[in-house]
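K.L.:
Supplied structure: model.cif, mmCIF, C-alpha atoms.
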data_final
loop_
_atom_site.label_atom_id
_atom_site.label_comp_id
_atom_site.auth_asym_id
_atom_site.auth_seq_id
_atom_site.Cartn_x
_atom_site.Cartn_y
_atom_site.Cartn_z
CA MET A 1 -107.95 -212.90 112.23
CA LYS A 2 -105.71 -214.96 109.98
CA GLY A 3 -101.93 -215.18 109.99
CA TRP A 4 -101.05 -213.44 113.23
CA ARG A 5 -97.62 -214.25 114.66
CA ALA A 6 -96.05 -212.75 117.74
CA ALA A 7 -92.58 -211.61 118.67
CA VAL A 8 -92.55 -210.70 122.34
CA VAL A 9 -90.64 -207.89 124.00
CA ALA A 10 -91.05 -207.26 127.73
CA LEU A 11 -91.12 -203.60 128.79
CA VAL A 12 -91.28 -201.41 131.85
CA ALA A 13 -93.98 -198.86 131.07
CA LEU A 14 -95.52 -196.36 133.48
CA SER A 15 -96.01 -198.93 136.24
CA LEU A 16 -97.85 -201.15 133.76
CA ALA A 17 -96.42 -204.41 132.45
CA ALA A 18 -96.41 -204.19 128.68
CA CYS A 19 -95.47 -206.25 125.68
CA THR A 20 -95.76 -206.08 121.95
CA ALA A 21 -96.43 -208.49 119.13
CA ARG A 22 -95.48 -208.00 115.49
CA VAL A 23 -98.11 -209.08 112.98
CA PRO A 24 -96.45 -210.01 109.67
CA GLY A 25 -97.92 -210.20 106.20
CA VAL A 26 -101.43 -209.01 105.54
CA PRO A 27 -104.25 -208.79 108.09
CA ASP A 28 -106.79 -210.54 105.89
CA ALA A 29 -106.02 -212.93 103.05
CA GLU A 30 -109.37 -212.16 101.38
CA VAL A 31 -108.88 -208.42 101.17
CA VAL A 32 -109.14 -208.26 97.37
CA ARG A 33 -110.99 -209.84 94.49
CA PRO A 34 -108.96 -208.94 91.40
CA SER A 35 -111.12 -210.84 88.88
CA LEU A 36 -113.80 -208.16 88.51
CA THR A 37 -114.35 -206.73 85.03
CA PRO A 38 -116.76 -203.75 85.11
CA THR A 39 -115.76 -200.51 83.44
CA ALA A 40 -115.35 -197.31 85.46
CA ASP A 41 -118.84 -196.04 84.60
CA GLN A 42 -120.41 -199.24 85.99
CA LEU A 43 -118.87 -198.96 89.46
CA PRO A 44 -120.84 -198.31 92.65
CA GLN A 45 -120.17 -195.04 94.43
CA ALA A 46 -119.22 -194.11 97.99
CA GLY A 47 -122.07 -194.78 100.41
CA GLN A 48 -123.61 -197.58 98.37
CA CYS A 49 -123.72 -201.12 99.71
CA THR A 50 -122.85 -204.26 97.78
CA GLY A 51 -123.28 -208.01 97.92
CA ALA A 52 -120.54 -210.54 97.27
CA GLY A 53 -119.28 -208.62 94.24
CA LEU A 54 -120.05 -205.06 93.13
CA ASP A 55 -123.82 -205.41 92.66
CA VAL A 56 -125.50 -202.57 94.55
CA VAL A 57 -128.07 -203.46 97.22
CA ASP A 58 -130.04 -201.37 99.68
CA CYS A 59 -128.03 -200.75 102.85
CA THR A 60 -131.05 -201.75 104.94
CA ALA A 61 -130.89 -205.20 103.34
CA GLU A 62 -128.21 -207.75 104.14
CA HIS A 63 -124.92 -206.78 102.53
CA GLU A 64 -121.27 -207.77 102.78
CA ALA A 65 -119.56 -204.48 101.98
CA GLU A 66 -120.06 -200.74 101.75
CA VAL A 67 -118.18 -198.53 99.32
CA THR A 68 -116.01 -195.91 101.03
CA GLY A 69 -114.41 -194.42 97.92
CA VAL A 70 -113.62 -194.87 94.24
CA GLY A 71 -110.36 -193.78 92.66
CA VAL A 72 -107.64 -194.54 90.13
CA LEU A 73 -104.59 -196.76 90.54
CA GLU A 74 -101.47 -194.77 89.78
CA GLY A 75 -97.78 -195.49 89.41
CA LEU A 76 -98.20 -198.91 87.77
CA GLY A 77 -97.02 -199.91 84.31
CA ALA A 78 -98.84 -201.18 81.26
CA ALA A 79 -98.26 -204.84 82.16
CA TYR A 80 -100.70 -206.33 84.64
CA PRO A 81 -99.12 -205.91 88.09
CA ASN A 82 -98.70 -208.71 90.61
CA ASP A 83 -101.04 -208.82 93.61
CA ARG A 84 -98.48 -207.34 96.00
CA ASP A 85 -97.92 -204.26 93.82
CA LEU A 86 -101.66 -203.86 93.36
CA ARG A 87 -102.20 -204.04 97.10
CA ARG A 88 -99.47 -201.48 97.72
CA ALA A 89 -101.08 -199.16 95.19
CA ALA A 90 -104.65 -199.60 96.44
CA LEU A 91 -104.72 -200.24 100.18
CA PRO A 92 -103.11 -197.08 101.61
CA ALA A 93 -105.75 -194.99 99.85
CA CYS A 94 -108.50 -197.38 100.94
CA ARG A 95 -107.38 -197.22 104.56
CA ALA A 96 -107.43 -193.42 104.41
CA ALA A 97 -110.91 -193.57 102.90
CA LEU A 98 -111.99 -195.93 105.70
CA THR A 99 -110.81 -193.50 108.38
CA GLU A 100 -112.79 -190.68 106.80
CA TYR A 101 -115.88 -192.81 106.19
CA LEU A 102 -116.06 -194.23 109.72
CA GLY A 103 -115.21 -190.92 111.35
CA SER A 104 -112.19 -192.20 113.30
CA PRO A 105 -108.75 -193.80 112.79
CA ASP A 106 -109.59 -196.42 115.41
CA HIS A 107 -110.86 -199.00 112.89
CA ASP A 108 -107.75 -201.15 113.44
CA ALA A 109 -109.07 -201.79 116.96
CA THR A 110 -112.30 -203.14 115.47
CA ARG A 111 -113.51 -205.90 113.16
CA LEU A 112 -114.01 -203.34 110.38
CA GLN A 113 -111.46 -203.63 107.59
CA ALA A 114 -110.60 -201.80 104.40
CA HIS A 115 -110.92 -204.00 101.33
CA ALA A 116 -109.81 -203.03 97.82
CA LEU A 117 -111.02 -204.20 94.42
CA TRP A 118 -109.44 -203.57 91.02
CA PRO A 119 -109.81 -204.57 87.33
CA SER A 120 -109.10 -208.02 86.01
CA ARG A 121 -106.19 -208.69 83.67
CA ASP A 122 -108.56 -208.26 80.68
CA GLY A 123 -109.86 -204.97 82.02
CA TRP A 124 -106.32 -203.77 82.64
CA ALA A 125 -105.35 -204.57 79.05
CA LYS A 126 -108.29 -202.43 77.89
CA GLY A 127 -107.03 -199.51 79.97
CA ASP A 128 -109.11 -199.83 83.14
CA ARG A 129 -107.27 -198.52 86.22
CA TRP A 130 -110.12 -198.07 88.70
CA ARG A 131 -109.90 -198.77 92.41
CA VAL A 132 -112.94 -199.45 94.61
CA CYS A 133 -112.51 -199.19 98.37
CA THR A 134 -114.99 -200.87 100.69
CA VAL A 135 -115.47 -201.49 104.39
CA VAL A 136 -116.20 -205.05 105.49
CA GLU A 137 -117.08 -206.23 108.99
CA LEU A 138 -115.53 -209.55 109.92
CA GLU A 139 -117.07 -211.95 112.40
CA PRO A 140 -114.78 -213.26 115.17
CA ASP A 141 -114.20 -216.41 113.08
CA GLY A 142 -112.96 -214.32 110.14
CA SER A 143 -116.03 -214.70 107.94
CA ARG A 144 -117.78 -211.67 106.53
CA ALA A 145 -120.66 -210.30 108.55
CA ARG A 146 -123.85 -209.46 106.70
CA ARG A 147 -124.80 -206.04 107.97
CA LYS A 148 -128.26 -204.46 107.69
CA THR A 149 -127.23 -200.90 108.51
CA SER A 150 -124.72 -198.44 107.10
CA ALA A 151 -121.26 -198.15 108.68
CA LYS A 152 -121.03 -194.46 107.78
CA ASP A 153 -119.69 -192.48 110.79
CA LEU A 154 -120.07 -195.60 112.96
CA LEU A 155 -116.95 -194.83 114.99
CA LYS A 156 -117.79 -191.15 115.31
CA ALA A 157 -120.75 -192.03 117.50
CA ALA A 158 -121.06 -194.84 120.07
CA GLY A 159 -120.51 -197.67 117.60
CA PHE A 160 -116.99 -198.67 118.64
CA GLY A 161 -118.17 -201.21 121.20
CA THR A 162 -120.36 -203.01 118.66
CA VAL A 163 -117.38 -203.94 116.46
CA GLN A 164 -114.54 -203.91 119.00
CA LEU A 165 -111.76 -206.51 118.94
CA CYS A 166 -111.62 -208.77 122.00
CA ALA A 167 -109.06 -211.54 122.48
CA THR A 168 -109.00 -214.78 124.45
CA ALA A 169 -105.20 -214.83 124.69
CA SER A 170 -102.55 -212.20 125.37
CA PRO A 171 -102.32 -209.88 122.31
CA GLY A 172 -98.68 -209.20 123.14
CA GLU A 173 -97.56 -212.78 123.65
CA ALA A 174 -99.76 -215.22 121.76
CA LYS A 175 -99.13 -216.31 118.19
CA ASP A 176 -102.90 -216.18 117.70
CA ALA A 177 -104.64 -213.73 120.00
CA GLY A 178 -107.91 -215.64 119.58
CA ILE A 179 -110.37 -212.97 118.45
CA THR A 180 -113.77 -213.54 120.02
CA ALA A 181 -117.09 -211.80 120.54
CA CYS A 182 -116.78 -209.31 123.38
CA ASP A 183 -119.79 -210.78 125.19
CA GLN A 184 -117.88 -214.06 125.52
CA PRO A 185 -115.09 -214.79 128.03
CA HIS A 186 -111.92 -212.96 126.98
CA LYS A 187 -108.63 -211.66 128.32
CA ALA A 188 -108.08 -208.40 126.44
CA GLU A 189 -109.97 -205.61 124.69
CA ALA A 190 -108.64 -203.32 121.98
CA VAL A 191 -109.07 -199.72 123.08
CA PRO A 192 -109.66 -196.42 121.26
CA GLY A 193 -106.45 -194.59 120.52
CA VAL A 194 -104.80 -196.55 117.70
CA LEU A 195 -101.24 -195.22 117.39
CA ALA A 196 -99.95 -194.01 114.01
CA LEU A 197 -96.30 -195.06 113.66
CA GLY A 198 -95.35 -193.44 110.36
CA ASP A 199 -95.91 -193.46 106.62
CA HIS A 200 -96.10 -196.63 104.53
CA ARG A 201 -93.40 -195.25 102.22
CA ASP A 202 -90.97 -195.11 105.14
CA PRO A 203 -88.94 -198.14 106.33
CA THR A 204 -90.82 -200.47 108.67
CA PRO A 205 -89.92 -199.56 112.27
CA SER A 206 -88.14 -202.12 114.43
CA LEU A 207 -89.81 -203.65 117.46
CA ASP A 208 -87.68 -201.42 119.68
CA GLN A 209 -88.89 -198.36 117.79
CA VAL A 210 -92.50 -199.50 118.04
CA ASN A 211 -92.13 -200.13 121.76
CA ALA A 212 -90.55 -196.73 122.36
CA LYS A 213 -93.57 -195.03 120.80
CA ALA A 214 -96.28 -197.36 122.09
CA ALA A 215 -95.33 -197.80 125.76
CA GLU A 216 -96.50 -194.47 127.14
CA HIS A 217 -99.24 -194.02 124.54
CA CYS A 218 -100.91 -197.38 125.23
CA ALA A 219 -100.51 -197.09 128.99
CA LYS A 220 -102.43 -193.80 128.91
CA ALA A 221 -105.01 -195.14 126.46
CA VAL A 222 -105.70 -198.14 128.70
CA THR A 223 -105.98 -196.01 131.85
CA ASN A 224 -108.42 -193.67 130.08
CA TYR A 225 -110.41 -196.65 128.80
CA VAL A 226 -110.66 -198.41 132.16
CA GLY A 227 -111.06 -195.20 134.15
CA ALA A 228 -108.35 -195.98 136.71
CA ALA A 229 -104.88 -197.49 137.02
CA ARG A 230 -105.20 -201.08 138.24
CA GLU A 231 -102.87 -203.89 139.28
CA ASP A 232 -104.93 -206.52 137.42
CA VAL A 233 -105.22 -204.67 134.06
CA PHE A 234 -102.23 -203.59 131.99
CA ALA A 235 -101.36 -202.35 128.51
CA SER A 236 -100.18 -204.50 125.63
CA TRP A 237 -100.08 -203.82 121.90
CA ARG A 238 -99.68 -205.33 118.46
CA ALA A 239 -98.08 -203.88 115.32
CA PHE A 240 -98.05 -205.10 111.73
CA GLY A 241 -95.11 -206.60 109.85
CA SER A 242 -93.17 -205.22 106.89
CA GLN A 243 -95.45 -206.43 104.09
CA ALA A 244 -98.56 -205.01 105.73
CA TRP A 245 -96.65 -201.81 106.55
CA SER A 246 -95.97 -201.26 102.83
CA GLU A 247 -99.71 -201.63 102.21
CA GLY A 248 -100.64 -198.91 104.69
CA TYR A 249 -100.98 -200.86 107.95
CA THR A 250 -98.79 -198.43 109.87
CA THR A 251 -100.34 -198.54 113.34
CA ALA A 252 -100.01 -200.14 116.73
CA ILE A 253 -103.21 -201.38 118.38
CA CYS A 254 -103.41 -200.89 122.14
CA TYR A 255 -105.14 -203.49 124.32
CA ALA A 256 -106.37 -203.45 127.89
CA GLU A 257 -105.27 -206.88 129.09
CA ALA A 258 -106.38 -208.48 132.34
CA THR A 259 -104.38 -210.90 134.45
CA ARG A 260 -107.12 -213.52 134.00
CA PRO A 261 -110.00 -214.23 131.61
CA PHE A 262 -113.29 -212.52 132.42
CA THR A 263 -116.81 -211.97 131.09
CA GLY A 264 -118.01 -208.40 130.76
CA ARG A 265 -116.24 -205.21 129.76
CA LEU A 266 -113.26 -203.25 131.08
CA TRP A 267 -114.58 -200.01 129.55
CA GLY A 268 -115.28 -197.62 132.44
CA LEU A 269 -114.70 -200.31 135.06
CA GLY A 270 -112.78 -197.93 137.30
CA THR A 271 -111.91 -199.53 140.64
CA THR A 272 -114.79 -202.03 140.56
CA ALA A 273 -113.76 -205.67 140.87
CA LEU A 274 -112.79 -207.43 137.66
CA PRO A 275 -115.90 -209.13 136.18
CA GLY A 276 -116.25 -212.86 136.63
#
Would you write the structure of this file as structure tokens?
P.N.:
Amino acid sequence: MKGWRAAVVALVALSLAACTARVPGVPDAEVVRPSLTPTADQLPQAGQCTGAGLDVVDCTAEHEAEVTGVGVLEGLGAAYPNDRDLRRAALPACRAALTEYLGSPDHDATRLQAHALWPSRDGWAKGDRWRVCTVVELEPDGSRARRKTSAKDLLKAAGFGTVQLCATASPGEAKDAGITACDQPHKAEAVPGVLALGDHRDPTPSLDQVNAKAAEHCAKAVTNYVGAAREDVFASWRAFGSQAWSEGYTTAICYAEATRPFTGRLWGLGTTALPG
């Protein structure tokens, strides 16, 4: 992931060492492509898959994105808005659409992201106000994966582990957590149970406020994920910064973090020895 920066706070949490990192700005610098010019009647619909732009392709063929919803941008003036205002208008709705489309709010613990597209300046001048929401899977290096299957209800079934975030460094301490494929050596795994911290229209919570909500929640989520409380696995978490908060990134992501790097999975490990 791009642009992650950490501010570390040590905590005492339910016999588990815990820390948090604040992620400022936006999770993905390529979340939008505002130069598109189709009219509303030319847009793809929810459930259709697209290539690099908005050209529809079969979802069984390689594709970069899948439409989760189409709507209208509201609350913006006649003049073409700046990117930040467009993101604030589009992304909260797109994140809500992503939750519904995937069947779970746990997408922030995965490499699946909500992307938004909107009219160009010329289209805006002609009255276009459409918003297209898509889901994109990112590879560990941040590039877009080319899927050959639909992501619809992926997190409602057993698909979480196929797109799960795994990190080579401490998610609560490192400036860059080092997202990697989960079949490679890693130190932490994002777990189901993403914590909602509030509404994007509310003020961004402080680190102390995030910690107060996340400590017990993440400790329980990690214990449920691993299947037992362990001395060599503890809870850590990451939350987004103020700009991302205003765009709908209002969650804390819980991680099961080991005391050393390992190869394998912590999911359901129980009291078995930590994998090598």
K.L.:
Determine, counting all atoms listed in the file, which protein, DNA and RNA residues have an atom within 8 Å of an atom of A:Pro261; residues of the same chain fewer than 6 positions away are not included. Present the result as a ChimeraX atom specification.
P.N.:
/A:168,185-187
K.L.:
Tell me which protein, DNA and RNA residues are within 10 Å of A:Pro205, counting all atoms listed in the file, leaving out same-chain ones fewer than 4 positions away, and put them as a PyMOL selection string.
P.N.:
chain A and resi 197-198+209-211+239-242+245+250
K.L.:
I need the output of the PyMOL selection byres ((chain A and resi 99-112) around 6) for this file as a ChimeraX atom specification; which residues are they?
P.N.:
/A:96-98,113,136-138,152-156,163-165,190,192,194
K.L.:
Would you save the residues of that selection, restricted to C-alpha atoms, as a PDB file, in the coordinates of the input?
P.N.:
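result_13.pdb was written with the following content:
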ATOM      1  CA  ALA A  96    -107.430-193.420 104.410  1.00  0.00           C
ATOM      2  CA  ALA A  97    -110.910-193.570 102.900  1.00  0.00           C
ATOM      3  CA  LEU A  98    -111.990-195.930 105.700  1.00  0.00           C
ATOM      4  CA  GLN A 113    -111.460-203.630 107.590  1.00  0.00           C
ATOM      5  CA  VAL A 136    -116.200-205.050 105.490  1.00  0.00           C
ATOM      6  CA  GLU A 137    -117.080-206.230 108.990  1.00  0.00           C
ATOM      7  CA  LEU A 138    -115.530-209.550 109.920  1.00  0.00           C
ATOM      8  CA  LYS A 152    -121.030-194.460 107.780  1.00  0.00           C
ATOM      9  CA  ASP A 153    -119.690-192.480 110.790  1.00  0.00           C
ATOM     10  CA  LEU A 154    -120.070-195.600 112.960  1.00  0.00           C
ATOM     11  CA  LEU A 155    -116.950-194.830 114.990  1.00  0.00           C
ATOM     12  CA  LYS A 156    -117.790-191.150 115.310  1.00  0.00           C
ATOM     13  CA  VAL A 163    -117.380-203.940 116.460  1.00  0.00           C
ATOM     14  CA  GLN A 164    -114.540-203.910 119.000  1.00  0.00           C
ATOM     15  CA  LEU A 165    -111.760-206.510 118.940  1.00  0.00           C
ATOM     16  CA  ALA A 190    -108.640-203.320 121.980  1.00  0.00           C
ATOM     17  CA  PRO A 192    -109.660-196.420 121.260  1.00  0.00           C
ATOM     18  CA  VAL A 194    -104.800-196.550 117.700  1.00  0.00           C
TER      19      VAL A 194
END
K.L.:
Taking into account all atoms listed in the file, which residue in the set A:Arg265, A:Glu247, A:Ser143, A:Ala228 is nearest to A:Leu86?
P.N.:
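Smallest distance to A:Leu86 is found for A:Glu247.
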K.L.:
What's the separation between atom CA of A:Ala116 and atom CA of A:Thr204, in Å to one decimal place?
P.N.:
22.0 Å
K.L.:
Please, what distance in Å, to one decimal, runs between atom CA of A:Ala78 and atom CA of A:His115?
P.N.:
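Atom CA of A:His115 lies 23.6 Å from atom CA of A:Ala78.
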K.L.:
Step by step, work through what the PyMOL selection byres ((chain A and resi 130-135) around 9) selects in the shown file, and finish by giving those residues as a VMD selection string.
P.N.:
chain A and resid 39 to 40 43 to 46 49 64 to 73 90 to 91 93 to 95 97 to 98 101 112 to 119 128 to 129 136 to 137 151
K.L.:
Separation of atom CA of A:Gly75 and atom CA of A:Gly47, in Å?
P.N.:
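We find that atom CA of A:Gly75 and atom CA of A:Gly47 lie 26.7 Å from each other.
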K.L.:
Using all atoms listed in the file, find the one residue out of A:Cys59, A:Ala196, A:Ala157, A:Ala181 that sits nearest to A:Gly248.
P.N.:
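Checking each candidate against A:Gly248, we get A:Ala196 as the closest.
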K.L.:
So, counting all atoms listed in the file, which residue among A:Arg84, A:Thr149, A:Thr162, A:Pro275 is closest to A:Asp58?
P.N.:
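Closest residue, counting all atoms listed in the file: A:Thr149.
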K.L.:
For a quick check of understanding, using all atoms listed in the file, which of A:Leu195, A:Ala219, A:Ala125, A:Cys254 has the smallest distance to A:Tyr80?
P.N.:
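So, comparing all the options, the nearest one is A:Ala125.
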K.L.:
Which residue gives the smallest distance to A:Thr272 among A:Val226, A:Ala244, A:Ser206, A:Arg260, with all atoms listed in the file counted?
P.N.:
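Looking at the shortest contact to A:Thr272, the residue is A:Val226.
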K.L.:
Looking at only C-alpha atoms, which of A:Tyr255, A:Trp267, A:Trp124, A:Phe160 is the one that sits closest to A:Trp237?
P.N.:
A:Tyr255
